[in-house]
Amino acid sequence: MALLRLIAPLALALLAAFPPNPALAQAAQTVLSQYISKLDPGDIVEGSDAFGAIRDDIPVAPLLKQGAEIGYVFITSDFVGTTGYSGKPIHTMVAVDHDARVLGVELVKHSEPIVLIGIPDSKIKTMVHGYRGIDLVAEAQARGSAHDLDIISGATVTVMVIDDGIIRAGLKVARALGLGGLEAAATADHSAEVNPEATAPESWVEMEGDGTVRRLSLDVGQINAAFAAMGDPRTEKNALKEPPDTTFIDMQAALVSVPGIGEAVLGEVENRRLQAWLEPGESAVAILGRGLYSFKGSGYVRGGIFDRIVLIQDDVTVRFRDRGHRRMGQVAASDAPEFVERDLFKIPADSGFDPTLPFRIQLLVHREVAAIEKVFITFELGYQLPPQYQRKTAPEAVAPATAPLAGDLAEQDAQSALWKRIWEDKTAEIAGVMAMLAILTLVFFFQHFFTRSERFYFWFRMSFLTVTLVFLGWYANAQLSVVNLMALFGALVTDFSWQAFLLDPLTFILWFAVATALLFWGRGAYCGWLCPFGALQELTNRIGRALHIPQIQLPWGLHERLWPIKYMIFLGLFGVSLYSIEQAEHLAEVEPFKTAIILKFMRAWPFVAYAAALLIAGLFVERFFCRYLCPLGAALAIPARLRMFDWLKRYHECGNPCQTCAHECPVDAIHPTGEINPNECINCLHCQVLYQSEAKCPVVIKKMKRRAKASSAAAALDARIANHPNVINSGKEIQDV
């Protein structure tokens with residue numbers, strides 16, 4: 001928190017300099033208008049040939065066939081939140097007829113890494129097409145669970161987000177237009193609110209009895225029977241072998257954001273911490289479990305989303321993320337069962353959740369039926385806040401009629417609260433990055449000290465690069481990319497907003513650090529020390545050297561002619577981005593960063609093979625990709641000559657005749673004539689180690705010999721004087737000596 005208070009003012013000042021753009025906010029509310037002209041009606045519903053004008057009251061458009069209206073089309077992200085793993089919305093177009101039946105569905109745009117384990121995009125689109133024929137009237141009656149959820153193994157969250165968007169957005173549209181006889185959802189009765197003074201029983205049994213705590217208990221027999229009822233013979237082969245009465249899962253939940261319930265479940269101290277953790281308008285639910293099955297699973301470690309549980313309240317769906325999760329201690333009630341899992345999950349203020357209304361927690365249970373295939377089934381735990389924790393809202397607390405006029409300000413506040421919350425949740429990662437930047441700054445300012453010992457320098461550099469790879473890359477996913485630069489340029493020439501950049505605090509901090517470093521040290525501060533893929537290349541090359549893999553020294557003429565390739569790649573990507581940023585993002589796969597760092601090689605084999613080929617080339621030619629292919633390095637190298645200082649020390653003899661630094665430079669950035677090319681230098685400081693080396697630098701060796709000769713002459717003189725003490729009285733004799 002202290003670190004956040006130090007950094008947040010800078011971000012706020014930058015944000016204030018660029019006020020929110022109303023046009024940008026409006027565009028975000030009418031996704032349909034952005035894509036409707038790019039889609040063929042026949043791709044959505046076979047035989048349809050035109051779209052009508054988008055309605056003024058609701059972002060839907062008539063779907064026409066030979067001039068007759070056969071239904072309406074809309075995009076789910078216009079109505080509900082559809083954010084997936086990527087942190088960006090999944091835009092899905094849905095067509096419904098006048099009877100509230102789904103006529104067609106098309107995946108319009110997404111940024112999901114659904115190729116995480118080799119899942120083709122076509123498989124997701126085929127799954128989406130399966131929603132044709134869904135009856136939204138039946139879904140309304142069954143609260144959105146009248147259909148079977150066709151989940152694809154490895155893309156659980158993506159599929160669930162798409163499914164949730166289609167059903168919830170479809171119901172909103174059907175009710176708004178009165179399709180199939182559905183009526184607009186009744187306005188929730190907000191005459192009740194949480195009573196902060198209510199207290200809960202101290203006994204766990206009593207809390208279970210009065211509804212303070214709700215329970216979902218399933219045994220092995222029930223689970224086996226549920227999968228058998230699916231009619232898939234493969235589920236029988238992998239049925240659980242434990243006795244039928246063995247507890248599969250005993251999951252219990254309580255709305256601990258209610259102060260009385262929080263104190264009874266968590267205890268006084270932990271409840272105070274919980275209430276301090278929650279921002280105004282946020283709620284929190286405690287979920288506890290024991291048995292064979294985990295309600296958390298392990299998917300959230302990779303993707304940040306808990307894919308086995310979801311909170312549903314009417315049209316509101318809340319997916320829990322790692323940044324809104326905390327582990328809780330022991331249950332305060334002495335008679336509570338011993339739970340294996342005890343976790344707290346935050347419900348955001350902008351989710352639309354009302355703690356006084358009923359909700360349910362849906363549990364997703366899977367069973368493996370093949371090597372990489374699973375089938376899924378869902379169960380639900382229902383929860384209703386008991387009346388003793390509620391009270392009637394006082395009449396004076398009702399918002400005045402003019403309140404809706406502040407909607408724009410509320411949206412701005414919500415956006416600001418979102419990035420602040422993300423920064424707070426990333427406090428540990430931010431602290432780690434700031435510590436790395438501070439250490440690196442000290443290294444550059446006091447490089448003469450850090451490079452005095454070759455052994456110390458080597459192990460310090462290897463340790464720093466390891467932290468860069470493991471923490472900055474594989475853990476924090478803070479790998480900069482040329483895509484960031486293209487997105488920044490696109491924002492500058494259209495409707496610039498800091499909001500999108502502030503949502504990724506580590507990338508935001510790193511780009512500011514890089515911009516500052518370019519003025520002092522050029523591109524090397526990032527490329528040589530803070531790039532995770534660069535660190536991976538250098539570390540694997542060091543391992544290769546230890547295994548005696550031969551190093552290839554390309555002829556200078558060839559090496560110099562290969563340098564421009566990365567600049568041509570960058571300029572090509574930049575040119576494409578002016579036409580289509582989406583196409584440029586696809587072409588930016590020339591960077592193996594996403595495969596090797598973000599997805600940790602868990603990707604389709606062509607991407608993995610490409611990244612592996614670059615790393616193998618780097619075993620023979622150190623930092624092969626950095627030298628010749630990296631478009632990000634090229635983009636940073638262009639302003640490298642604008643740096644204000646030249647920190648790297650050189651002798652007059654460097655390059656003429658001495659070639660030691662040129663031969664040992666890891667990226668061959670030193671010309672045979674001795675000058676360092678700032679466009680190619682990665683500031684590894686190896687040349688500064690050689691600058692002080694008493695074993696390799698001819699200039700230092702020559703100085704040492706001269707000093708040694710002078711010292712030996714002085715010592716000889718002292719010895720002769722010591723052997724002729726009588727000469728001290730005679731200047732003539734001293735001179736003779």
# chains A, B, ... in the order shown; residues from 1 in each chain; ligands from 1
>>> residues_around(residues="Leu240 in chain A", least_positions_apart="5", cutoff="10 Å", atoms="only C-alpha atoms", output="MDAnalysis selection string")
chainID A and resid 220:221 223:224 235 248 367
>>> residues_around(residues="Leu536 in chain A", least_positions_apart="5", cutoff="9 Å", atoms="only C-alpha atoms", output="PyMOL selection string")
chain A and resi 465-466+468-469+531+541+596+615
>>> write_last_selection(atoms="C-alpha atoms", output="mmCIF file, in the first residue's frame")
data_model
loop_
_atom_site.group_PDB
_atom_site.id
_atom_site.type_symbol
_atom_site.label_atom_id
_atom_site.label_comp_id
_atom_site.auth_asym_id
_atom_site.auth_seq_id
_atom_site.Cartn_x
_atom_site.Cartn_y
_atom_site.Cartn_z
ATOM 1 C CA LEU A 465 19.095 -12.192 -15.631
ATOM 2 C CA THR A 466 17.644 -15.202 -13.812
ATOM 3 C CA THR A 468 14.429 -11.100 -15.007
ATOM 4 C CA LEU A 469 13.468 -14.368 -16.679
ATOM 5 C CA CYS A 531 14.060 -8.275 -21.385
ATOM 6 C CA ASN A 541 23.968 -19.699 -24.314
ATOM 7 C CA ALA A 596 8.402 -18.457 -24.717
ATOM 8 C CA LEU A 615 17.022 -20.401 -28.928
#
>>> closest_atom_pairs(of="range 168-225 of chain A", to="range 72-76 of chain A", cutoff="9 Å", atoms="only C-alpha atoms", output="tab-separated table")
residue	atom	partner	partner_atom	distance
A:Arg168	CA	A:Thr76	CA	8.3
A:Ala169	CA	A:Thr76	CA	5.4
A:Gly170	CA	A:Thr76	CA	7.7
A:Val173	CA	A:Phe74	CA	8.2
>>> residues_around(residues="Pro387 in chain A", least_positions_apart="2", cutoff="12 Å", atoms="only C-alpha atoms", output="list of chain:residue names")
A:Ala192, A:Glu193, A:Val194, A:Asn195, A:Ala198, A:Thr199, A:Ala200, A:Asp210, A:Gly211, A:Thr212, A:Pro355, A:Thr356, A:Leu357, A:Pro358, A:Gln384, A:Leu385, A:Tyr389, A:Gln390, A:Arg391, A:Lys392
>>> write_last_selection(atoms="N, CA and C atoms", output="PDB file, in the first residue's frame")
ATOM      1  N   ALA A 192     -34.523  -2.672   0.916  1.00  0.00           N
ATOM      2  CA  ALA A 192     -33.757  -3.319   1.974  1.00  0.00           C
ATOM      3  C   ALA A 192     -32.278  -3.075   1.748  1.00  0.00           C
ATOM      4  N   GLU A 193     -31.524  -3.073   2.847  1.00  0.00           N
ATOM      5  CA  GLU A 193     -30.077  -2.934   2.786  1.00  0.00           C
ATOM      6  C   GLU A 193     -29.471  -3.783   3.892  1.00  0.00           C
ATOM      7  N   VAL A 194     -28.161  -3.996   3.801  1.00  0.00           N
ATOM      8  CA  VAL A 194     -27.469  -4.774   4.831  1.00  0.00           C
ATOM      9  C   VAL A 194     -27.465  -3.995   6.135  1.00  0.00           C
ATOM     10  N   ASN A 195     -27.784  -4.689   7.210  1.00  0.00           N
ATOM     11  CA  ASN A 195     -27.771  -4.082   8.539  1.00  0.00           C
ATOM     12  C   ASN A 195     -26.390  -4.302   9.162  1.00  0.00           C
ATOM     13  N   ALA A 198     -26.259  -5.966  12.790  1.00  0.00           N
ATOM     14  CA  ALA A 198     -26.766  -7.303  13.092  1.00  0.00           C
ATOM     15  C   ALA A 198     -25.621  -8.216  13.503  1.00  0.00           C
ATOM     16  N   THR A 199     -25.915  -9.146  14.404  1.00  0.00           N
ATOM     17  CA  THR A 199     -24.911 -10.096  14.871  1.00  0.00           C
ATOM     18  C   THR A 199     -25.322 -11.507  14.473  1.00  0.00           C
ATOM     19  N   ALA A 200     -24.330 -12.376  14.369  1.00  0.00           N
ATOM     20  CA  ALA A 200     -24.566 -13.760  13.980  1.00  0.00           C
ATOM     21  C   ALA A 200     -24.336 -14.679  15.169  1.00  0.00           C
ATOM     22  N   ASP A 210     -29.794 -21.287  10.582  1.00  0.00           N
ATOM     23  CA  ASP A 210     -30.586 -20.087  10.256  1.00  0.00           C
ATOM     24  C   ASP A 210     -30.258 -19.509   8.877  1.00  0.00           C
ATOM     25  N   GLY A 211     -29.401 -20.176   8.114  1.00  0.00           N
ATOM     26  CA  GLY A 211     -29.120 -19.732   6.753  1.00  0.00           C
ATOM     27  C   GLY A 211     -27.947 -18.775   6.636  1.00  0.00           C
ATOM     28  N   THR A 212     -27.283 -18.462   7.750  1.00  0.00           N
ATOM     29  CA  THR A 212     -26.094 -17.615   7.677  1.00  0.00           C
ATOM     30  C   THR A 212     -25.031 -18.283   6.814  1.00  0.00           C
ATOM     31  N   PRO A 355     -26.316  -7.629  -2.334  1.00  0.00           N
ATOM     32  CA  PRO A 355     -26.194  -8.646  -1.275  1.00  0.00           C
ATOM     33  C   PRO A 355     -27.510  -9.021  -0.625  1.00  0.00           C
ATOM     34  N   THR A 356     -28.558  -8.211  -0.802  1.00  0.00           N
ATOM     35  CA  THR A 356     -29.841  -8.530  -0.173  1.00  0.00           C
ATOM     36  C   THR A 356     -30.696  -9.467  -1.024  1.00  0.00           C
ATOM     37  N   LEU A 357     -30.296  -9.716  -2.260  1.00  0.00           N
ATOM     38  CA  LEU A 357     -31.076 -10.573  -3.159  1.00  0.00           C
ATOM     39  C   LEU A 357     -30.470 -11.964  -3.236  1.00  0.00           C
ATOM     40  N   PRO A 358     -31.277 -12.975  -3.587  1.00  0.00           N
ATOM     41  CA  PRO A 358     -30.749 -14.342  -3.684  1.00  0.00           C
ATOM     42  C   PRO A 358     -29.692 -14.453  -4.785  1.00  0.00           C
ATOM     43  N   GLN A 384     -29.304 -17.044   0.228  1.00  0.00           N
ATOM     44  CA  GLN A 384     -30.179 -15.891   0.456  1.00  0.00           C
ATOM     45  C   GLN A 384     -29.828 -15.307   1.809  1.00  0.00           C
ATOM     46  N   LEU A 385     -29.434 -14.036   1.822  1.00  0.00           N
ATOM     47  CA  LEU A 385     -29.080 -13.400   3.087  1.00  0.00           C
ATOM     48  C   LEU A 385     -30.298 -13.415   4.014  1.00  0.00           C
ATOM     49  N   TYR A 389     -30.270  -9.997   8.905  1.00  0.00           N
ATOM     50  CA  TYR A 389     -29.109  -9.186   8.521  1.00  0.00           C
ATOM     51  C   TYR A 389     -29.499  -8.041   7.586  1.00  0.00           C
ATOM     52  N   GLN A 390     -30.798  -7.812   7.424  1.00  0.00           N
ATOM     53  CA  GLN A 390     -31.268  -6.760   6.543  1.00  0.00           C
ATOM     54  C   GLN A 390     -32.135  -5.785   7.325  1.00  0.00           C
ATOM     55  N   ARG A 391     -32.260  -4.594   6.772  1.00  0.00           N
ATOM     56  CA  ARG A 391     -33.148  -3.599   7.361  1.00  0.00           C
ATOM     57  C   ARG A 391     -33.736  -2.753   6.246  1.00  0.00           C
ATOM     58  N   LYS A 392     -34.849  -2.144   6.513  1.00  0.00           N
ATOM     59  CA  LYS A 392     -35.506  -1.304   5.527  1.00  0.00           C
ATOM     60  C   LYS A 392     -34.698  -0.024   5.297  1.00  0.00           C
TER      61      LYS A 392
END
>>> select_by_dssp(residues="range 535-720 of chain A", states="helix (DSSP H, G or I)", output="PyMOL selection string")
chain A and resi 535-546+556-562+564-579+581-590+593-598+605-620+624-628+631-637+640-642+660-664+686-691+698-720
>>> residues_around(residues="Ser577 in chain A", least_positions_apart="5", cutoff="10 Å", atoms="only C-alpha atoms", output="PyMOL selection string")
chain A and resi 483+486-487+489-490+571-572+582-585+587
>>> atom_distance(atom1="CA of Ile569 in chain A", atom2="CA of Pro672 in chain A")
26.7 Å
>>> atom_distance(atom1="CA of Ser334 in chain A", atom2="CA of Leu216 in chain A")
20.9 Å
>>> atom_distance(atom1="CA of Gln688 in chain A", atom2="CA of Leu558 in chain A")
26.2 Å
